[in-house]
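Data block for protein.csv (CSV, C-alpha atoms):
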```csv
chain,number,residue,atom,x,y,z
A,1,MET,CA,20.7,-16.5,11.7
A,2,GLY,CA,21.6,-14.7,14.9
A,3,LEU,CA,19.7,-11.5,14.1
A,4,ASP,CA,19.5,-8.8,16.7
A,5,GLY,CA,15.8,-8.3,17.3
A,6,SER,CA,16.3,-4.7,18.3
A,7,ALA,CA,17.9,-3.9,14.9
A,8,ILE,CA,15.9,-6.1,12.5
A,9,VAL,CA,12.2,-6.7,12.9
A,10,THR,CA,10.9,-9.7,11.0
A,11,GLU,CA,7.4,-11.0,10.9
A,12,TYR,CA,6.2,-13.6,8.5
A,13,GLN,CA,3.4,-16.0,8.0
A,14,ARG,CA,3.9,-19.3,6.2
A,15,HIS,CA,0.8,-20.3,4.2
A,16,GLY,CA,2.4,-22.7,1.8
A,17,ALA,CA,-0.1,-25.4,2.8
A,18,VAL,CA,-3.0,-23.2,1.7
A,19,ARG,CA,-3.7,-23.9,-1.9
A,20,TRP,CA,-6.5,-23.6,-4.3
A,21,MET,CA,-7.3,-24.9,-7.8
A,22,ASN,CA,-7.7,-22.7,-10.7
A,23,THR,CA,-7.1,-23.0,-14.4
A,24,ALA,CA,-3.3,-23.0,-13.8
A,25,GLY,CA,-3.5,-25.8,-11.2
A,26,SER,CA,-2.6,-25.8,-7.5
A,27,VAL,CA,-0.9,-22.5,-6.3
A,28,ALA,CA,0.6,-21.6,-3.0
A,29,ASN,CA,0.8,-18.3,-1.2
A,30,GLY,CA,2.9,-16.7,1.5
A,31,SER,CA,4.0,-13.4,3.0
A,32,PHE,CA,6.6,-11.7,5.1
A,33,ARG,CA,7.6,-8.3,6.5
A,34,LEU,CA,11.1,-7.2,7.3
A,35,ASP,CA,12.5,-3.9,8.8
A,36,SER,CA,16.2,-3.3,8.6
A,37,SER,CA,15.9,0.4,8.2
A,38,ARG,CA,16.9,1.4,11.7
A,39,PRO,CA,20.3,2.7,12.5
A,40,GLY,CA,22.7,-0.1,13.5
A,41,ALA,CA,20.9,-2.8,11.6
A,42,ALA,CA,22.7,-6.1,11.7
A,43,PRO,CA,24.8,-7.0,8.7
A,44,GLU,CA,22.7,-10.1,8.2
A,45,ALA,CA,19.8,-8.0,7.0
A,46,PHE,CA,20.3,-8.9,3.3
A,47,ASP,CA,20.5,-12.6,4.1
A,48,ALA,CA,17.3,-12.4,6.2
A,49,PHE,CA,15.5,-10.7,3.3
A,50,LEU,CA,16.7,-13.2,0.8
A,51,ASP,CA,15.8,-16.2,3.0
A,52,LYS,CA,12.3,-14.9,3.6
A,53,TRP,CA,11.9,-14.2,-0.1
A,54,ARG,CA,12.9,-17.7,-1.1
A,55,THR,CA,10.8,-19.5,1.5
A,56,GLN,CA,7.7,-17.3,1.3
A,57,VAL,CA,7.6,-16.1,-2.3
A,58,GLY,CA,9.4,-19.0,-3.8
A,59,ASP,CA,10.0,-20.4,-7.2
A,60,GLY,CA,9.0,-18.4,-10.3
A,61,PHE,CA,10.1,-15.1,-8.7
A,62,PRO,CA,14.0,-15.3,-8.5
A,63,MET,CA,16.0,-12.6,-7.0
A,64,PRO,CA,18.8,-11.0,-9.1
A,65,ASN,CA,22.4,-10.6,-8.0
A,66,PHE,CA,23.0,-7.4,-6.0
A,67,SER,CA,26.1,-5.3,-5.8
A,68,ALA,CA,28.5,-5.6,-2.8
A,69,ASP,CA,27.5,-2.1,-1.7
A,70,THR,CA,23.8,-3.1,-1.7
A,71,VAL,CA,24.5,-6.2,0.4
A,72,GLY,CA,26.7,-4.4,2.8
A,73,ASP,CA,24.3,-1.5,3.4
A,74,PHE,CA,20.9,-3.2,3.1
A,75,ARG,CA,18.6,-0.8,4.9
A,76,VAL,CA,15.0,-1.4,3.9
A,77,LYS,CA,11.5,-1.6,5.3
A,78,ALA,CA,9.7,-4.2,3.2
A,79,ARG,CA,6.7,-6.4,2.9
A,80,ALA,CA,6.1,-9.0,0.3
A,81,ALA,CA,3.3,-11.4,-0.6
A,82,ARG,CA,2.6,-14.1,-3.1
A,83,ILE,CA,-0.8,-15.2,-4.3
A,84,GLY,CA,-0.4,-17.8,-6.9
A,85,ASP,CA,1.3,-16.3,-10.0
A,86,VAL,CA,1.3,-12.8,-8.6
A,87,ALA,CA,4.1,-11.4,-6.3
A,88,LEU,CA,3.7,-8.0,-4.5
A,89,THR,CA,6.5,-6.1,-2.9
A,90,GLU,CA,6.5,-2.8,-1.2
A,91,MET,CA,9.8,-1.3,-0.2
A,92,SER,CA,11.0,1.9,1.5
A,93,MET,CA,14.7,2.1,1.1
A,94,PRO,CA,17.0,4.6,3.0
A,95,SER,CA,19.9,3.1,1.1
A,96,ALA,CA,20.2,2.4,-2.6
A,97,LEU,CA,19.8,-0.9,-4.4
A,98,ARG,CA,21.8,-1.9,-7.4
A,99,THR,CA,22.0,-5.2,-9.3
A,100,GLU,CA,25.1,-6.4,-11.2
A,101,GLY,CA,26.7,-9.5,-12.6
A,102,PRO,CA,25.1,-12.2,-14.8
A,103,LEU,CA,21.4,-12.0,-15.6
A,104,GLY,CA,19.0,-15.0,-15.7
A,105,GLY,CA,17.5,-16.4,-18.9
A,106,ALA,CA,14.3,-15.5,-20.6
A,107,GLU,CA,11.3,-14.3,-18.5
A,108,ASP,CA,7.7,-14.1,-19.3
A,109,GLN,CA,6.1,-11.7,-16.8
A,110,VAL,CA,4.5,-8.3,-16.6
A,111,ARG,CA,5.8,-5.9,-14.0
A,112,LEU,CA,4.3,-2.8,-12.6
A,113,TYR,CA,6.5,-0.3,-10.8
A,114,VAL,CA,4.7,2.4,-8.7
A,115,VAL,CA,7.2,4.9,-7.3
A,116,ARG,CA,6.1,7.2,-4.6
A,117,ARG,CA,9.5,8.7,-3.7
A,118,GLY,CA,13.0,8.6,-5.1
A,119,GLY,CA,13.5,6.8,-8.4
A,120,TRP,CA,13.8,3.4,-9.9
A,121,THR,CA,16.1,3.0,-13.0
A,122,LEU,CA,15.9,0.0,-15.3
A,123,ALA,CA,18.7,-1.3,-17.6
A,124,GLY,CA,21.6,0.1,-15.7
A,125,SER,CA,22.1,3.7,-14.6
A,126,ALA,CA,20.4,6.7,-16.1
A,127,ARG,CA,23.9,7.8,-17.4
A,128,GLU,CA,23.9,4.6,-19.4
A,129,GLY,CA,20.6,5.4,-21.1
A,130,GLY,CA,18.4,3.5,-18.6
A,131,HIS,CA,14.8,4.4,-18.1
A,132,THR,CA,14.0,6.0,-14.7
A,133,VAL,CA,10.5,5.7,-13.1
A,134,ALA,CA,10.4,9.0,-11.2
A,135,ALA,CA,8.5,9.8,-8.0
A,136,GLY,CA,4.8,9.9,-8.6
A,137,GLN,CA,5.0,7.8,-11.8
A,138,VAL,CA,4.3,4.2,-12.8
A,139,LEU,CA,5.7,1.9,-15.4
A,140,LEU,CA,3.9,-1.2,-16.7
A,141,ARG,CA,6.0,-3.4,-19.0
A,142,HIS,CA,6.1,-7.0,-20.4
A,143,VAL,CA,9.4,-8.5,-19.4
A,144,GLY,CA,11.0,-10.8,-21.9
A,145,ARG,CA,14.5,-10.8,-20.5
A,146,PRO,CA,15.7,-9.5,-17.1
A,147,VAL,CA,17.6,-6.2,-16.9
A,148,HIS,CA,19.7,-4.6,-14.3
A,149,PHE,CA,18.2,-1.9,-12.1
A,150,GLU,CA,19.2,0.6,-9.4
A,151,THR,CA,17.2,2.8,-7.0
A,152,ALA,CA,18.0,6.2,-5.6
A,153,PRO,CA,18.5,6.4,-1.8
A,154,GLY,CA,15.2,7.2,-0.1
A,155,THR,CA,13.1,5.4,-2.7
A,156,THR,CA,9.6,4.1,-1.8
A,157,ALA,CA,7.9,1.9,-4.3
A,158,LYS,CA,5.6,-1.0,-5.0
A,159,VAL,CA,6.6,-3.7,-7.5
A,160,LEU,CA,4.0,-6.1,-8.8
A,161,VAL,CA,5.0,-9.2,-10.8
A,162,LEU,CA,2.0,-10.4,-12.8
A,163,PRO,CA,1.3,-13.3,-15.2
A,164,SER,CA,1.7,-12.4,-18.8
A,165,GLY,CA,-1.1,-14.6,-20.3
A,166,VAL,CA,-3.8,-12.0,-20.0
A,167,LEU,CA,-1.8,-8.8,-19.7
A,168,ALA,CA,0.9,-9.2,-22.4
A,169,PRO,CA,-1.6,-9.1,-25.3
A,170,LEU,CA,-3.0,-5.8,-23.9
A,171,LEU,CA,0.5,-4.3,-23.8
A,172,GLY,CA,1.9,-5.6,-27.1
A,173,ASN,CA,5.3,-4.1,-27.5
A,174,ARG,CA,4.5,-1.0,-25.4
A,175,SER,CA,5.8,0.0,-22.0
A,176,LEU,CA,3.1,2.1,-20.4
A,177,THR,CA,4.0,5.1,-18.1
A,178,GLY,CA,1.7,7.5,-16.3
A,179,PRO,CA,0.9,9.1,-13.0
A,180,ALA,CA,0.8,7.1,-9.8
A,181,ASP,CA,-2.4,8.9,-8.8
A,182,ALA,CA,-4.4,7.7,-11.8
A,183,ALA,CA,-7.7,6.1,-10.7
A,184,GLU,CA,-6.8,2.6,-11.9
A,185,VAL,CA,-3.4,2.7,-10.2
A,186,ARG,CA,-5.0,4.0,-7.0
A,187,LEU,CA,-7.4,1.1,-7.0
A,188,LEU,CA,-4.7,-1.5,-7.7
A,189,ALA,CA,-2.4,0.0,-4.9
A,190,ALA,CA,-5.3,0.0,-2.4
A,191,HIS,CA,-6.1,-3.7,-3.2
A,192,ALA,CA,-2.4,-4.6,-2.9
A,193,ASP,CA,-2.4,-3.0,0.5
A,194,MET,CA,-5.4,-5.1,1.5
A,195,VAL,CA,-3.7,-8.3,0.3
A,196,HIS,CA,-0.7,-7.5,2.4
A,197,THR,CA,-2.9,-7.0,5.4
A,198,THR,CA,-5.4,-9.9,5.0
A,199,SER,CA,-3.7,-12.7,3.0
A,200,GLY,CA,-2.7,-14.6,6.2
A,201,GLY,CA,-6.3,-15.0,7.2
A,202,LEU,CA,-7.9,-15.7,3.8
A,203,GLY,CA,-9.3,-19.1,3.0
A,204,PRO,CA,-9.2,-20.7,-0.5
A,205,ALA,CA,-12.3,-18.7,-1.7
A,206,GLY,CA,-10.8,-15.4,-0.4
A,207,LEU,CA,-7.5,-16.1,-2.0
A,208,ARG,CA,-9.2,-16.8,-5.3
A,209,ALA,CA,-11.1,-13.5,-5.1
A,210,ALA,CA,-8.0,-11.5,-4.1
A,211,HIS,CA,-6.1,-13.0,-7.0
A,212,SER,CA,-8.9,-12.4,-9.5
A,213,THR,CA,-9.2,-8.8,-8.4
A,214,LEU,CA,-5.5,-8.2,-8.7
A,215,ILE,CA,-5.6,-9.4,-12.3
A,216,GLU,CA,-8.7,-7.3,-13.2
A,217,LEU,CA,-7.2,-4.2,-11.7
A,218,ALA,CA,-3.9,-4.8,-13.5
A,219,LYS,CA,-5.9,-5.1,-16.8
A,220,ALA,CA,-7.5,-1.8,-15.9
A,221,VAL,CA,-4.1,-0.1,-15.6
A,222,ALA,CA,-3.1,-1.5,-19.0
A,223,LEU,CA,-6.4,-0.3,-20.6
A,224,GLY,CA,-6.6,3.0,-18.8
A,225,ARG,CA,-10.1,2.2,-17.5
A,226,PHE,CA,-11.8,-0.4,-15.2
A,227,ASP,CA,-15.2,-2.0,-15.1
A,228,ASP,CA,-16.9,0.0,-12.4
A,229,VAL,CA,-19.9,-2.4,-12.2
A,230,GLU,CA,-17.6,-5.4,-11.4
A,231,PRO,CA,-18.6,-6.4,-7.8
A,232,ARG,CA,-15.2,-7.8,-7.1
A,233,LEU,CA,-13.7,-4.4,-7.4
A,234,ALA,CA,-15.9,-2.7,-4.8
A,235,PRO,CA,-13.6,-3.3,-1.8
A,236,ALA,CA,-10.6,-1.9,-3.7
A,237,LEU,CA,-12.7,1.1,-4.8
A,238,ALA,CA,-13.9,1.8,-1.3
A,239,GLN,CA,-10.3,1.6,0.1
A,240,ALA,CA,-8.9,3.8,-2.6
A,241,ALA,CA,-11.6,6.4,-1.9
A,242,LYS,CA,-10.7,6.2,1.8
A,243,ASP,CA,-7.0,6.8,1.0
A,244,VAL,CA,-7.9,9.9,-1.1
A,245,ALA,CA,-10.3,11.1,1.6
A,246,ASP,CA,-7.5,10.8,4.2
A,247,GLU,CA,-5.3,13.0,2.0
A,248,MET,CA,-8.0,15.6,1.7
A,249,LEU,CA,-9.6,15.7,5.2
A,250,ALA,CA,-8.8,19.4,5.7
A,251,ASP,CA,-10.1,20.3,2.3
A,252,PRO,CA,-13.5,22.0,2.4
A,253,GLU,CA,-14.3,20.6,-1.0
A,254,LEU,CA,-14.0,16.9,0.2
A,255,SER,CA,-17.3,15.1,-0.7
A,256,ALA,CA,-18.5,11.9,-2.4
A,257,THR,CA,-18.6,13.9,-5.6
A,258,THR,CA,-15.0,15.0,-5.3
A,259,LEU,CA,-13.9,11.4,-4.5
A,260,ALA,CA,-15.8,10.0,-7.4
A,261,HIS,CA,-14.3,12.5,-9.7
A,262,ARG,CA,-10.7,11.7,-8.5
A,263,LEU,CA,-11.3,8.0,-9.0
A,264,ASN,CA,-13.1,8.4,-12.3
A,265,VAL,CA,-16.3,6.7,-11.2
A,266,SER,CA,-19.9,7.8,-10.8
A,267,VAL,CA,-21.1,8.9,-7.4
A,268,ARG,CA,-23.6,6.1,-7.5
A,269,THR,CA,-20.8,3.6,-8.1
A,270,LEU,CA,-18.9,5.0,-5.2
A,271,HIS,CA,-21.9,4.8,-2.8
A,272,ARG,CA,-22.5,1.2,-4.0
A,273,ALA,CA,-18.9,0.3,-3.1
A,274,PHE,CA,-19.2,1.9,0.4
A,275,ALA,CA,-22.5,0.0,1.0
A,276,ALA,CA,-20.5,-3.2,1.4
A,277,THR,CA,-18.4,-1.5,4.2
A,278,GLU,CA,-21.6,-0.6,6.2
A,279,GLU,CA,-20.4,3.0,6.4
A,280,SER,CA,-21.4,5.7,4.0
A,281,VAL,CA,-18.9,8.1,2.4
A,282,SER,CA,-20.1,11.0,4.5
A,283,ALA,CA,-19.9,8.9,7.7
A,284,TYR,CA,-16.4,7.9,6.9
A,285,ILE,CA,-15.3,11.5,6.3
A,286,ARG,CA,-17.0,12.7,9.5
A,287,ARG,CA,-15.5,9.9,11.6
A,288,ARG,CA,-12.0,10.6,10.3
A,289,ARG,CA,-12.3,14.3,10.9
A,290,LEU,CA,-13.5,13.6,14.5
A,291,GLU,CA,-10.5,11.3,15.0
A,292,GLU,CA,-8.2,14.1,13.9
A,293,ALA,CA,-10.0,16.6,16.1
A,294,ARG,CA,-9.7,14.3,19.1
A,295,LEU,CA,-6.0,13.9,18.4
A,296,ALA,CA,-5.6,17.7,18.3
A,297,LEU,CA,-7.4,17.9,21.7
A,298,SER,CA,-4.9,15.4,23.1
A,299,THR,CA,-2.0,17.6,22.2
A,300,ALA,CA,-1.3,20.1,24.9
A,301,HIS,CA,1.0,22.2,22.8
A,302,GLU,CA,-0.9,25.0,21.0
A,303,ARG,CA,-4.2,23.3,21.5
A,304,LEU,CA,-7.0,24.7,19.4
A,305,SER,CA,-10.3,25.8,20.9
A,306,VAL,CA,-13.5,23.9,20.2
A,307,SER,CA,-14.7,26.6,17.8
A,308,GLU,CA,-11.3,26.6,16.0
A,309,LEU,CA,-11.4,22.8,15.7
A,310,ALA,CA,-15.0,23.0,14.3
A,311,ALA,CA,-14.0,25.4,11.7
A,312,HIS,CA,-10.8,23.6,10.8
A,313,TRP,CA,-12.5,20.3,10.3
A,314,HIS,CA,-15.5,21.9,8.4
A,315,PHE,CA,-18.3,21.3,10.9
A,316,ALA,CA,-21.2,23.8,10.6
A,317,ASP,CA,-20.4,25.4,13.9
A,318,SER,CA,-19.0,24.6,17.4
A,319,SER,CA,-22.4,23.2,18.6
A,320,HIS,CA,-22.7,20.8,15.7
A,321,PHE,CA,-19.1,19.7,16.3
A,322,THR,CA,-19.7,19.2,20.0
A,323,ARG,CA,-22.8,17.1,19.3
A,324,ALA,CA,-21.0,15.0,16.8
A,325,PHE,CA,-18.1,14.5,19.1
A,326,LYS,CA,-20.2,13.5,22.0
A,327,ARG,CA,-22.3,11.1,19.9
A,328,HIS,CA,-19.1,9.4,18.7
A,329,TYR,CA,-17.0,9.4,21.9
A,330,GLY,CA,-19.6,9.6,24.6
A,331,GLN,CA,-18.4,13.0,26.0
A,332,THR,CA,-18.0,16.6,24.9
A,333,PRO,CA,-14.7,17.9,23.6
A,334,THR,CA,-14.3,19.9,26.9
A,335,ASP,CA,-15.0,16.9,29.0
A,336,TYR,CA,-12.6,14.8,26.9
A,337,VAL,CA,-9.8,17.4,27.6
A,338,ARG,CA,-10.5,17.3,31.3
A,339,THR,CA,-10.5,13.5,31.4
A,340,ALA,CA,-7.3,13.3,29.4
A,341,ALA,CA,-5.6,15.8,31.7
A,342,ALA,CA,-6.7,13.9,34.8
A,343,GLN,CA,-5.4,10.6,33.4
A,344,GLY,CA,-2.0,12.2,32.6
A,345,PRO,CA,0.1,11.7,29.5
A,346,ARG,CA,-0.4,8.5,27.5
A,347,ARG,CA,2.4,6.1,27.0
A,348,PRO,CA,3.6,5.8,23.4
A,349,TRP,CA,2.4,2.2,23.1
A,350,GLN,CA,-1.2,3.0,24.1
A,351,GLY,CA,-3.0,2.6,20.8
A,352,GLN,CA,-6.3,2.8,19.2
A,353,ALA,CA,-7.3,-0.7,20.2
A,354,ALA,CA,-8.2,0.7,23.6
A,355,GLY,CA,-10.4,3.3,22.0
A,356,LEU,CA,-8.2,6.2,23.1
```

As structure tokens - that is how I would like this structure written.
Amino acid sequence: MGLDGSAIVTEYQRHGAVRWMNTAGSVANGSFRLDSSRPGAAPEAFDAFLDKWRTQVGDGFPMPNFSADTVGDFRVKARAARIGDVALTEMSMPSALRTEGPLGGAEDQVRLYVVRRGGWTLAGSAREGGHTVAAGQVLLRHVGRPVHFETAPGTTAKVLVLPSGVLAPLLGNRSLTGPADAAEVRLLAAHADMVHTTSGGLGPAGLRAAHSTLIELAKAVALGRFDDVEPRLAPALAQAAKDVADEMLADPELSATTLAHRLNVSVRTLHRAFAATEESVSAYIRRRRLEEARLALSTAHERLSVSELAAHWHFADSSHFTRAFKRHYGQTPTDYVRTAAAQGPRRPWQGQAAGL
């Protein structure tokens, strides 16, 4: 399509040949990523997105008609995946999206909107009486007939299209709204992130497990609770706990008890979920704090002292911090600073894969 690689970054994996049998028959999967959010993106960005959607997500998830303004200024960073009868899309949109024109026929799907920033308005604009899912909110609804929507500039959101067979009876005629940081939503969002990351490498059994977990967690959102003894949910629970921990690393109250409370599970359930990752809750928190401390040591501007870093990241004292740092990185914080200074500034592309 003649896309300028410096302006639009696309990455996709075609997994249409990978299929598994379940009660609904043979189902395909696929995924793609696209970034047209950079200044000067090629005008073909919308066509690129539409082409990847049609080839990777496919039938059963049709795209609506978008306004001319949307097509002409399609700046978005997106990733999408399909696993059977579930489609997952995550979009960060500097520009606005707006649909217009004829709508398709009847639909029978359940959709979950998780809005982190901006706003997503259904059934036309808010001025026309539409419902807006605001930042930090979710909407779960059974779709009988498609409606127009528009987004505010700067919106970041996840949209999950789910089968209605199991979920519609739980919803009835209700449209459920609530906070995006609810425990059930956090778990579903964490699992969706894992699907985006791993779907390309999953075999048939892994795809079945990923699909089943998506449905179970969507049911939990509809019911306002989840089965915390269901073993399939353990990876999602561990990932959600890690996400919360990353947000709270500088908080002195961060602990397994705090995380369990935030995710509405018992401490025992949380420890059981982490057991499968071969890293305890406390070990994860300590490792992430050490990583942040090392990053601070790598920053020459206003570098904190060892004792200040120890206090900031809630180690008992500077000696305890130094021992933990050396055990993890093989050298003391002071030696690490000397080594980093001798090696000179790192290039931007030197990443964590090198252990630096």

Surrounding residues of range 257-260 of chain A excluding itself and chain neighbours under 3 positions, 9 Å, all atoms listed in the file, as number ranges by chain: A: 241-242, 244-245, 253-254, 263-270

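Atom pair CA of Val57 in chain A / CA of Val71 in chain A has a distance of 19.8 Å (rounded to one decimal).
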
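Excluding Pro102 in chain A and any residue on its chain fewer than 3 positions from it, the residues at most 10 Å away by all atoms listed in the file are Pro64, Asn65, Thr99, Gly105, Val147 and His148 of chain A.
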
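Each of A:Gly84, A:Gly172, A:Gly72, A:Pro163 was compared to Gly58 in chain A using all atoms listed in the file, and A:Gly84 turns out to be the nearest.
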
Which residue is closest to Ala80 in chain A? Choose from A:His131, A:Lys158, A:Arg98, A:His312 and count all atoms listed in the file. A:Lys158

Spatial sel., origin (24.4, -9.6, 5.8), limit 9 Å, all atoms listed in the file, listed as a count of residues only: 11

One-decimal distance in Å that lies between CA of Glu184 in chain A and CA of Glu216 in chain A: 10.2 Å

For the atom pair CA of Pro94 in chain A and CA of Arg75 in chain A, what is the interatomic distance in Å to one decimal place? 5.9 Å

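You can rank A:Arg272, A:Asp251, A:His261, A:Lys52 by their closest distance to Phe315 in chain A using only C-alpha atoms, and at the top of that list sits A:Asp251.
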
Extract, using only C-alpha atoms, all DNA, RNA and protein residues at most 10 Å from Arg288 in chain A, discarding same-chain residues fewer than 4 positions from it, and format them as a ChimeraX atom specification. /A:242,245-246,249,282-284,292-294,313

Could you list, as a list in words, every residue within 8 Å of Gly119 in chain A, counting all atoms listed in the file and ignoring same-chain residues fewer than 6 positions away? Thr132, Val133, Ala134, Ala135, Thr151, Ala152 and Thr155 of chain A

Filtering to C-alpha atoms, could you give me those residues as a PDB file, keeping the file's coordinate frame?
```
ATOM      1  CA  THR A 132      14.000   6.000 -14.700  1.00  0.00           C
ATOM      2  CA  VAL A 133      10.500   5.700 -13.100  1.00  0.00           C
ATOM      3  CA  ALA A 134      10.400   9.000 -11.200  1.00  0.00           C
ATOM      4  CA  ALA A 135       8.500   9.800  -8.000  1.00  0.00           C
ATOM      5  CA  THR A 151      17.200   2.800  -7.000  1.00  0.00           C
ATOM      6  CA  ALA A 152      18.000   6.200  -5.600  1.00  0.00           C
ATOM      7  CA  THR A 155      13.100   5.400  -2.700  1.00  0.00           C
TER       8      THR A 155
END
```
